[in-house]
>>> print(open('work-v6.csv').read())   # CSV, C-alpha atoms
chain,number,residue,atom,x,y,z
A,1,MET,CA,134.9,124.8,88.5
A,2,THR,CA,137.0,128.0,88.9
A,3,ILE,CA,134.9,131.1,88.9
A,4,LYS,CA,137.0,133.5,86.9
A,5,ASP,CA,136.3,136.0,84.0
A,6,THR,CA,138.2,135.1,80.8
A,7,ALA,CA,139.2,137.2,77.9
A,8,GLU,CA,137.4,136.4,74.6
A,9,GLU,CA,136.7,138.3,71.4
A,10,TRP,CA,134.0,137.4,68.9
A,11,GLN,CA,134.5,138.2,65.2
A,12,VAL,CA,133.6,141.8,64.2
A,13,LYS,CA,132.6,142.1,60.5
A,14,ALA,CA,132.5,145.9,60.4
A,15,THR,CA,132.9,148.8,62.8
A,16,ALA,CA,132.1,152.5,62.8
A,17,THR,CA,132.4,155.4,65.2
A,18,PRO,CA,129.3,157.6,64.7
A,19,PHE,CA,130.2,160.0,67.6
A,20,VAL,CA,133.5,161.3,69.0
A,21,GLY,CA,133.4,163.3,72.1
A,22,ASN,CA,135.9,165.1,74.2
A,23,LYS,CA,136.9,162.1,76.3
A,24,THR,CA,134.8,159.2,75.0
A,25,SER,CA,133.2,158.1,71.8
A,26,VAL,CA,130.5,155.7,70.6
A,27,ARG,CA,131.3,152.7,68.5
A,28,THR,CA,129.0,150.4,66.5
A,29,ASP,CA,130.3,146.9,65.8
A,30,ASP,CA,128.7,144.2,63.6
A,31,VAL,CA,129.4,141.1,65.8
A,32,VAL,CA,129.1,137.5,64.6
A,33,MET,CA,127.0,135.5,67.0
A,34,PRO,CA,127.6,131.7,67.8
A,35,ASP,CA,124.8,130.8,65.3
A,36,GLY,CA,126.5,132.8,62.5
A,37,SER,CA,124.0,135.7,62.6
A,38,VAL,CA,125.4,139.3,62.7
A,39,VAL,CA,124.0,141.9,65.1
A,40,HIS,CA,124.8,145.5,65.8
A,41,ARG,CA,126.3,146.4,69.2
A,42,ASP,CA,126.6,150.1,70.2
A,43,TYR,CA,128.8,151.0,73.1
A,44,GLN,CA,130.7,153.8,74.6
A,45,VAL,CA,134.5,153.7,74.2
A,46,HIS,CA,136.2,154.9,77.4
A,47,PRO,CA,139.9,155.5,78.3
A,48,GLY,CA,139.5,153.9,81.8
A,49,SER,CA,139.5,155.3,85.3
A,50,VAL,CA,140.9,155.1,88.7
A,51,ALA,CA,139.3,155.6,92.1
A,52,VAL,CA,140.7,155.9,95.6
A,53,LEU,CA,139.2,154.6,98.8
A,54,ALA,CA,141.3,156.7,101.2
A,55,LEU,CA,141.1,155.3,104.8
A,56,ASP,CA,142.4,157.4,107.7
A,57,ASP,CA,143.7,156.2,111.0
A,58,ASP,CA,140.3,156.7,112.6
A,59,GLY,CA,138.6,154.3,110.2
A,60,ARG,CA,137.0,157.0,108.2
A,61,VAL,CA,136.8,157.2,104.4
A,62,VAL,CA,137.5,160.4,102.4
A,63,VAL,CA,134.4,161.2,100.4
A,64,LEU,CA,133.2,164.1,98.2
A,65,ARG,CA,129.8,165.2,97.1
A,66,GLN,CA,129.6,166.2,93.4
A,67,TYR,CA,126.8,167.0,90.9
A,68,ARG,CA,126.4,164.4,88.2
A,69,HIS,CA,124.3,165.8,85.4
A,70,PRO,CA,123.4,162.5,83.5
A,71,VAL,CA,121.6,161.2,86.7
A,72,ARG,CA,120.5,164.7,88.0
A,73,HIS,CA,121.9,164.0,91.4
A,74,LYS,CA,124.6,165.2,93.8
A,75,LEU,CA,126.3,161.9,94.7
A,76,TRP,CA,128.7,161.1,97.5
A,77,GLU,CA,131.8,159.5,95.8
A,78,ILE,CA,135.4,158.6,96.5
A,79,PRO,CA,138.1,160.5,94.6
A,80,ALA,CA,138.3,159.3,91.0
A,81,GLY,CA,139.3,160.4,87.6
A,82,LEU,CA,140.1,159.4,84.0
A,83,LEU,CA,143.3,157.7,82.7
A,84,ASP,CA,144.0,160.7,80.5
A,85,ILE,CA,147.2,159.3,78.9
A,86,PRO,CA,147.2,155.9,77.1
A,87,GLY,CA,149.3,153.5,79.0
A,88,GLU,CA,149.5,155.7,82.1
A,89,ASN,CA,150.5,154.0,85.3
A,90,PRO,CA,147.1,153.8,87.2
A,91,LEU,CA,148.9,154.3,90.5
A,92,HIS,CA,150.3,157.6,89.4
A,93,ALA,CA,146.8,158.7,88.1
A,94,ALA,CA,145.2,157.7,91.5
A,95,GLN,CA,147.8,159.7,93.4
A,96,ARG,CA,147.1,162.7,91.2
A,97,GLU,CA,143.4,162.4,91.7
A,98,LEU,CA,143.7,162.1,95.5
A,99,TYR,CA,145.9,165.2,95.5
A,100,GLU,CA,143.7,167.2,93.1
A,101,GLU,CA,140.3,166.4,94.7
A,102,ALA,CA,141.2,166.1,98.4
A,103,HIS,CA,144.7,167.6,98.7
A,104,ILE,CA,145.8,164.5,100.4
A,105,LYS,CA,148.8,162.1,99.9
A,106,ALA,CA,149.1,158.5,101.2
A,107,GLY,CA,152.0,156.5,102.3
A,108,ASP,CA,150.5,153.0,101.7
A,109,TRP,CA,148.8,152.0,98.4
A,110,ARG,CA,147.2,148.7,97.4
A,111,VAL,CA,144.8,147.5,94.8
A,112,LEU,CA,141.4,147.0,96.3
A,113,THR,CA,139.5,145.7,93.2
A,114,ASP,CA,139.2,146.1,89.4
A,115,VAL,CA,135.8,146.4,87.8
A,116,TYR,CA,134.0,147.0,84.5
A,117,THR,CA,131.4,149.6,85.4
A,118,THR,CA,128.7,148.9,82.7
A,119,PRO,CA,130.0,146.1,80.4
A,120,GLY,CA,126.8,145.8,78.5
A,121,GLY,CA,127.1,149.3,77.1
A,122,CYS,CA,130.6,150.7,77.8
A,123,ASP,CA,134.1,149.4,77.9
A,124,GLU,CA,135.2,151.5,80.9
A,125,ALA,CA,137.5,149.7,83.3
A,126,VAL,CA,138.2,151.1,86.8
A,127,ARG,CA,140.9,150.2,89.2
A,128,ILE,CA,140.0,151.0,92.8
A,129,PHE,CA,142.9,151.6,95.1
A,130,LEU,CA,143.1,151.5,98.9
A,131,ALA,CA,145.2,154.4,100.3
A,132,ARG,CA,146.3,154.5,103.9
A,133,ASP,CA,148.7,156.5,106.0
A,134,LEU,CA,147.1,159.7,104.9
A,135,SER,CA,148.5,163.2,105.4
A,136,GLU,CA,147.9,166.7,104.0
A,137,ALA,CA,149.6,167.3,100.7
A,138,GLU,CA,152.2,170.0,100.3
A,139,GLY,CA,151.8,173.1,98.3
A,140,GLN,CA,148.8,175.0,97.0
A,141,ARG,CA,145.5,173.3,96.5
A,142,PHE,CA,144.7,172.3,92.9
A,143,GLU,CA,142.4,174.8,91.2
A,144,VAL,CA,139.1,173.2,90.4
A,145,GLU,CA,136.4,174.3,87.9
A,146,ASP,CA,132.9,173.4,86.7
A,147,GLU,CA,131.2,170.7,88.8
A,148,GLU,CA,134.3,170.2,90.9
A,149,ALA,CA,134.2,173.8,92.1
A,150,ASP,CA,131.0,172.9,94.0
A,151,MET,CA,132.3,169.8,95.7
A,152,GLU,CA,132.0,169.1,99.4
A,153,LEU,CA,134.5,167.0,101.2
A,154,ALA,CA,133.9,164.9,104.3
A,155,ARG,CA,135.3,161.9,106.2
A,156,VAL,CA,132.7,159.3,107.0
A,157,SER,CA,133.0,156.0,109.0
A,158,VAL,CA,133.0,152.7,107.1
A,159,ASP,CA,129.9,151.5,109.0
A,160,GLU,CA,127.9,154.6,108.1
A,161,LEU,CA,128.8,154.2,104.4
A,162,VAL,CA,127.9,150.5,104.4
A,163,ARG,CA,124.5,151.4,106.0
A,164,GLY,CA,124.0,154.1,103.3
A,165,VAL,CA,124.7,151.6,100.6
A,166,LEU,CA,122.4,148.9,101.9
A,167,VAL,CA,119.4,151.2,102.6
A,168,GLY,CA,119.7,152.8,99.1
A,169,ASP,CA,121.0,156.2,100.1
A,170,LEU,CA,124.4,155.9,98.3
A,171,HIS,CA,124.6,155.0,94.6
A,172,ASN,CA,128.0,155.9,93.2
A,173,ASN,CA,129.5,152.7,91.7
A,174,CYS,CA,133.1,153.2,92.9
A,175,LEU,CA,132.0,154.1,96.4
A,176,VAL,CA,129.6,151.1,96.7
A,177,VAL,CA,132.1,148.6,95.3
A,178,GLY,CA,135.1,150.1,97.2
A,179,VAL,CA,133.4,150.2,100.6
A,180,LEU,CA,132.0,146.7,100.3
A,181,SER,CA,135.3,145.4,99.0
A,182,LEU,CA,137.1,147.0,102.0
A,183,VAL,CA,134.7,145.3,104.4
A,184,ALA,CA,135.1,141.9,102.7
A,185,ALA,CA,138.9,142.3,102.6
A,186,ARG,CA,139.1,143.1,106.3
A,187,ASN,CA,136.8,140.2,107.2
A,188,GLY,CA,138.9,137.9,104.9
A,189,ASP,CA,142.7,137.7,104.7
A,190,GLY,CA,143.2,141.3,105.8
A,191,LEU,CA,144.1,144.6,104.1
A,192,ASP,CA,147.8,143.7,104.0
A,193,ALA,CA,147.0,140.7,101.8
A,194,LEU,CA,145.6,142.9,99.0
A,195,ARG,CA,147.5,143.1,95.7
A,196,PRO,CA,150.4,145.5,95.4
A,197,ALA,CA,149.7,148.9,94.1
A,198,GLU,CA,151.4,148.2,90.7
A,199,ALA,CA,149.8,144.8,90.1
A,200,SER,CA,149.2,144.0,86.5
A,201,TRP,CA,145.9,145.1,85.0
A,202,PRO,CA,145.1,143.4,81.7
A,203,ALA,CA,142.1,145.7,81.0
A,204,ARG,CA,144.4,148.7,80.8
A,205,PRO,CA,148.0,147.5,80.4
A,206,PHE,CA,150.8,149.8,81.7
A,207,GLU,CA,154.5,150.0,82.4
A,208,ALA,CA,155.4,150.2,86.1
>>> encode(input="work-v6.csv", output="structure tokens")
Amino acid sequence: MTIKDTAEEWQVKATATPFVGNKTSVRTDDVVMPDGSVVHRDYQVHPGSVAVLALDDDGRVVVLRQYRHPVRHKLWEIPAGLLDIPGENPLHAAQRELYEEAHIKAGDWRVLTDVYTTPGGCDEAVRIFLARDLSEAEGQRFEVEDEEADMELARVSVDELVRGVLVGDLHNNCLVVGVLSLVAARNGDGLDALRPAEASWPARPFEA
């Protein structure tokens, strides 16, 4: 048996959007179950995101510490952001986020992994990139505001991040998935065997 997720869509009898926010909304669907019954399913509608695991020549990952109000924590994360424009090329969005949050550019980009963050309650899809051959970006730093104005930046070894994940000190989804995927890739076919940076992404289709 091949272990692979497959696209499928059950019948929706009715749908409503009881809340529309600045970036996301909440949708209620009446979904037909296999036995013919109809149940309500509420979920957050999300434009999608990108995240960047930026790995320097010394084997350190660029991380930032940011306040996240819903969980009342300052979390160590990797640079990430929304796909603000429908159909936006995720590589371009990732390059923008790395520049804006860390003032860094990268010469080598690959797809590390694609995930649904919380598929039971949100349709958010995230593409996590691996960025290497790092250098300082040119020009002025991007002007940040709100929570981002309080961010801290650091470069941390992969081993230290793995330890933090496994002992329960680090919780950000993209950091956890990204770091563990990096280790798995290095121990498998190697980082150069990862998918190209503009590999297709059915969850958020785009034009290269």
>>> atom_distance(input="work-v6.csv", atom1="CA of Leu112 (chain A)", atom2="CA of Asn22 (chain A)")
29.1 Å
>>> residues_around(input="work-v6.csv", residues="Pro196 (chain A)", least_positions_apart="2", cutoff="8 Å", atoms="all atoms listed in the file", output="list in words")
Trp109, Arg110, Val111, Leu194, Glu198 and Ala199 of chain A
>>> atom_distance(input="work-v6.csv", atom1="CA of Ala102 (chain A)", atom2="CA of Val62 (chain A)")
7.9 Å
>>> residues_around(input="work-v6.csv", residues="Met33 (chain A)", least_positions_apart="3", cutoff="10 Å", atoms="all atoms listed in the file", output="short mmCIF file (atom, residue, chain, number, x, y, z; two decimals) with C-alpha atoms, in the coordinates of the input")
data_model
loop_
_atom_site.label_atom_id
_atom_site.label_comp_id
_atom_site.auth_asym_id
_atom_site.auth_seq_id
_atom_site.Cartn_x
_atom_site.Cartn_y
_atom_site.Cartn_z
CA TRP A 10 134.00 137.40 68.90
CA GLN A 11 134.50 138.20 65.20
CA VAL A 12 133.60 141.80 64.20
CA ASP A 30 128.70 144.20 63.60
CA GLY A 36 126.50 132.80 62.50
CA SER A 37 124.00 135.70 62.60
CA VAL A 38 125.40 139.30 62.70
CA VAL A 39 124.00 141.90 65.10
#
>>> atom_distance(input="work-v6.csv", atom1="CA of Asp57 (chain A)", atom2="CA of Trp201 (chain A)")
28.4 Å
>>> closest_residue(input="work-v6.csv", among="A:Met1, A:Val26, A:Ala197, A:Val31", to="Ala93 (chain A)", atoms="all atoms listed in the file")
A:Ala197
>>> closest_atom_pairs(input="work-v6.csv", of="region 31-59 of chain A", to="region 122-126 of chain A", cutoff="12 Å", atoms="all atoms listed in the file", output="tab-separated table")
residue	atom	partner	partner_atom	distance
A:Arg41	CA	A:Cys122	CA	10.5
A:Asp42	CA	A:Cys122	CA	8.6
A:Tyr43	CA	A:Cys122	CA	5.0
A:Gln44	CA	A:Cys122	CA	4.5
A:Val45	CA	A:Asp123	CA	5.7
A:His46	CA	A:Glu124	CA	5.0
A:Pro47	CA	A:Glu124	CA	6.7
A:Gly48	CA	A:Ala125	CA	4.9
A:Ser49	CA	A:Val126	CA	4.6
A:Val50	CA	A:Val126	CA	5.2
A:Ala51	CA	A:Val126	CA	7.0
A:Val52	CA	A:Val126	CA	10.3
>>> write_last_selection(input="work-v6.csv", atoms="C-alpha atoms", output="compact mmCIF listing (two decimals), in the frame of the given file")
# COMPACT_ATOMS: atom_id res chain seq x y z
CA ARG A 41 126.30 146.40 69.20
CA ASP A 42 126.60 150.10 70.20
CA TYR A 43 128.80 151.00 73.10
CA GLN A 44 130.70 153.80 74.60
CA VAL A 45 134.50 153.70 74.20
CA HIS A 46 136.20 154.90 77.40
CA PRO A 47 139.90 155.50 78.30
CA GLY A 48 139.50 153.90 81.80
CA SER A 49 139.50 155.30 85.30
CA VAL A 50 140.90 155.10 88.70
CA ALA A 51 139.30 155.60 92.10
CA VAL A 52 140.70 155.90 95.60
>>> closest_residue(input="work-v6.csv", among="A:Asn187, A:Asn172, A:Ser181, A:Thr6", to="Arg68 (chain A)", atoms="all atoms listed in the file")
A:Asn172
>>> residues_near_point(input="work-v6.csv", point="(149.3, 166.6, 98.5)", cutoff="9 Å", atoms="all atoms listed in the file", output="list in words")
Gln95, Arg96, Leu98, Tyr99, Glu100, Ala102, His103, Ile104, Lys105, Ala106, Ser135, Glu136, Ala137, Glu138, Gly139, Gln140 and Arg141 of chain A
>>> residues_around(input="work-v6.csv", residues="Arg132 (chain A)", least_positions_apart="5", cutoff="7 Å", atoms="all atoms listed in the file", output="PyMOL selection string")
chain A and resi 54-56+106-109
>>> closest_residue(input="work-v6.csv", among="A:Phe19, A:Tyr67, A:Phe206, A:Trp76", to="Leu91 (chain A)", atoms="only C-alpha atoms")
A:Phe206
>>> closest_residue(input="work-v6.csv", among="A:Val115, A:Leu53, A:Leu153, A:Ala14", to="Leu75 (chain A)", atoms="all atoms listed in the file")
A:Leu153
>>> residues_around(input="work-v6.csv", residues="Val176 (chain A)", least_positions_apart="6", cutoff="8 Å", atoms="all atoms listed in the file", output="short mmCIF file (atom, residue, chain, number, x, y, z; two decimals) with C-alpha atoms, keeping the file's coordinate frame")
data_model
loop_
_atom_site.label_atom_id
_atom_site.label_comp_id
_atom_site.auth_asym_id
_atom_site.auth_seq_id
_atom_site.Cartn_x
_atom_site.Cartn_y
_atom_site.Cartn_z
CA VAL A 162 127.90 150.50 104.40
CA VAL A 165 124.70 151.60 100.60
CA LEU A 170 124.40 155.90 98.30
#
>>> closest_residue(input="work-v6.csv", among="A:Arg195, A:His171, A:Arg186, A:Arg163", to="Val71 (chain A)", atoms="all atoms listed in the file")
A:His171
>>> residues_around(input="work-v6.csv", residues="Glu152 (chain A)", least_positions_apart="6", cutoff="9 Å", atoms="only C-alpha atoms", output="list in words")
Val63, Leu64, Arg65, Gln66 and Trp76 of chain A
>>> closest_residue(input="work-v6.csv", among="A:Leu161, A:Ile85, A:Ala94, A:Met151", to="Ala131 (chain A)", atoms="all atoms listed in the file")
A:Ala94
